[in-house]
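*Asks:* The structure that follows is given in the form of structure tokens.
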Amino acid sequence: MAKKRRGNSQGLSPTALKAKRDRDLAMAKTPRRTAMRSQNQSIGQTSTRDIHHVNGVAGKTIYQSISENRDTSKERNA
């Protein structure tokens with residue numbers, strides 16, 4: 001296993017890290033992700049809420065408080 005360093009928090013080998021970065025970049029550039037990112041940027045994000053796309057569809061968004069979004073209590077995740 002490769003040493004965990006800055007930019008490699010999962011400790012991947014150099015080959016695996018390059019492959020993962022290539023996959024992540026390809027996914028980020030799909031038309032669906034580009035449309036959702038564009039919509040989020042046009043709406044604007046505040047420090048009190050997150051924007052979520054309903055069913056992963058661009059054009060349908062909901063606002064969720066950051067505290068609710070980050071809630072990891074066992075009651076919510078049961």
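Naming works like this for the structure tokens: A, B, ... for the chains as they're shown, residue 1 at the start of each chain, ligands 1 onward in shown order.
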Find the residues near range 63-66 of chain A: any atom within 10 Å, counting only C-alpha atoms, skip ones fewer than 2 places away on the same chain, and give them as a list of chain:residue names.

*Replies:*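 Using only C-alpha atoms, the neighbours found are A:Gln45, A:Thr46, A:Ser47, A:Thr48, A:Arg49, A:Asp50, A:Ile51, A:His52, A:His53, A:Thr61, A:Glu68, A:Asn69, A:Arg70, A:Asp71.
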
*Asks:* Can you tell me which residues surround Lys4 in chain A at a distance of at most 12 Å, considering only C-alpha atoms, apart from same-chain residues fewer than 6 positions away, and format the answer as a list in words?

*Replies:*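 Near Lys4 in chain A, the qualifying residues are Gln10, Gly11, Leu12, Ser13, Pro14 and Leu17 of chain A.
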
*Asks:* Run DSSP on the backbone and tell me which residues of chain A come out as strand (DSSP E or B); list them as a ChimeraX atom specification.

*Replies:* /A:5,8,49-53,61-65

*Asks:* Convert the current residue selection to file output with N, CA and C atoms, as a compact mmCIF listing (two decimals), in the first residue's frame.

*Replies:*
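Ended up saving to part.txt:
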# COMPACT_ATOMS: atom_id res chain seq x y z
N ARG A 5 -0.37 10.45 1.55
CA ARG A 5 0.21 11.78 1.42
C ARG A 5 -0.86 12.75 0.98
N ASN A 8 -3.57 12.09 -1.64
CA ASN A 8 -3.69 10.65 -1.76
C ASN A 8 -4.16 10.09 -0.41
N ARG A 49 -27.27 26.54 3.99
CA ARG A 49 -28.05 25.48 3.34
C ARG A 49 -27.28 24.87 2.17
N ASP A 50 -27.64 23.63 1.87
CA ASP A 50 -27.08 22.91 0.73
C ASP A 50 -28.16 22.75 -0.32
N ILE A 51 -27.76 22.66 -1.56
CA ILE A 51 -28.69 22.43 -2.66
C ILE A 51 -28.57 20.97 -3.07
N HIS A 52 -29.71 20.28 -3.14
CA HIS A 52 -29.71 18.87 -3.56
C HIS A 52 -30.61 18.72 -4.77
N HIS A 53 -30.17 17.93 -5.73
CA HIS A 53 -30.99 17.63 -6.89
C HIS A 53 -31.87 16.42 -6.56
N THR A 61 -34.61 20.87 -7.67
CA THR A 61 -33.72 21.01 -6.53
C THR A 61 -34.52 21.23 -5.25
N ILE A 62 -33.91 20.88 -4.13
CA ILE A 62 -34.45 21.20 -2.82
C ILE A 62 -33.32 21.81 -2.00
N TYR A 63 -33.70 22.60 -1.02
CA TYR A 63 -32.73 23.16 -0.10
C TYR A 63 -32.78 22.37 1.19
N GLN A 64 -31.64 22.10 1.75
CA GLN A 64 -31.55 21.36 3.00
C GLN A 64 -30.56 22.08 3.90
N SER A 65 -30.93 22.24 5.17
CA SER A 65 -30.02 22.93 6.07
C SER A 65 -28.74 22.12 6.20

*Asks:* What is the CA of Ala58 in chain A to CA of Thr30 in chain A distance in Å?

*Replies:*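 CA of Thr30 in chain A lies 12.4 Å from CA of Ala58 in chain A.
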
*Asks:* Which value, in Å to one decimal, gives the distance between CA of Arg32 in chain A and CA of Gly56 in chain A?

*Replies:*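 So the answer is 8.5 Å.
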
*Asks:* Please measure the separation of CA of Ser42 in chain A and CA of Ala28 in chain A, giving the value in Å to one decimal.

*Replies:*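 About the pair CA of Ser42 in chain A and CA of Ala28 in chain A: they are 17.5 Å apart.
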
*Asks:* Counting only C-alpha atoms, figure out which residue out of A:Asn55, A:Pro31, A:Asp24, A:Lys60 gets nearest to Ile43 in chain A.

*Replies:*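 Nearest to Ile43 in chain A: A:Lys60.
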
*Asks:* Quick one: residues within 10 Å of Gly59 in chain A, only C-alpha atoms, excluding same-chain residues fewer than 6 positions away - as an NGL selection string?

*Replies:* :A and (35-36 or 39-40 or 53)

*Asks:* With C-alpha atoms kept, could you save the residues just selected as a JSON list (two decimals), in the first residue's frame?

*Replies:*
[["chain", "number", "residue", "atom", "x", "y", "z"],
["A", 35, "ALA", "CA", -25.96, 20.65, -16.02],
["A", 36, "MET", "CA", -26.37, 20.11, -12.27],
["A", 39, "GLN", "CA", -27.66, 25.06, -12.03],
["A", 40, "ASN", "CA", -26.15, 25.07, -8.54],
["A", 53, "HIS", "CA", -30.99, 17.63, -6.89]]
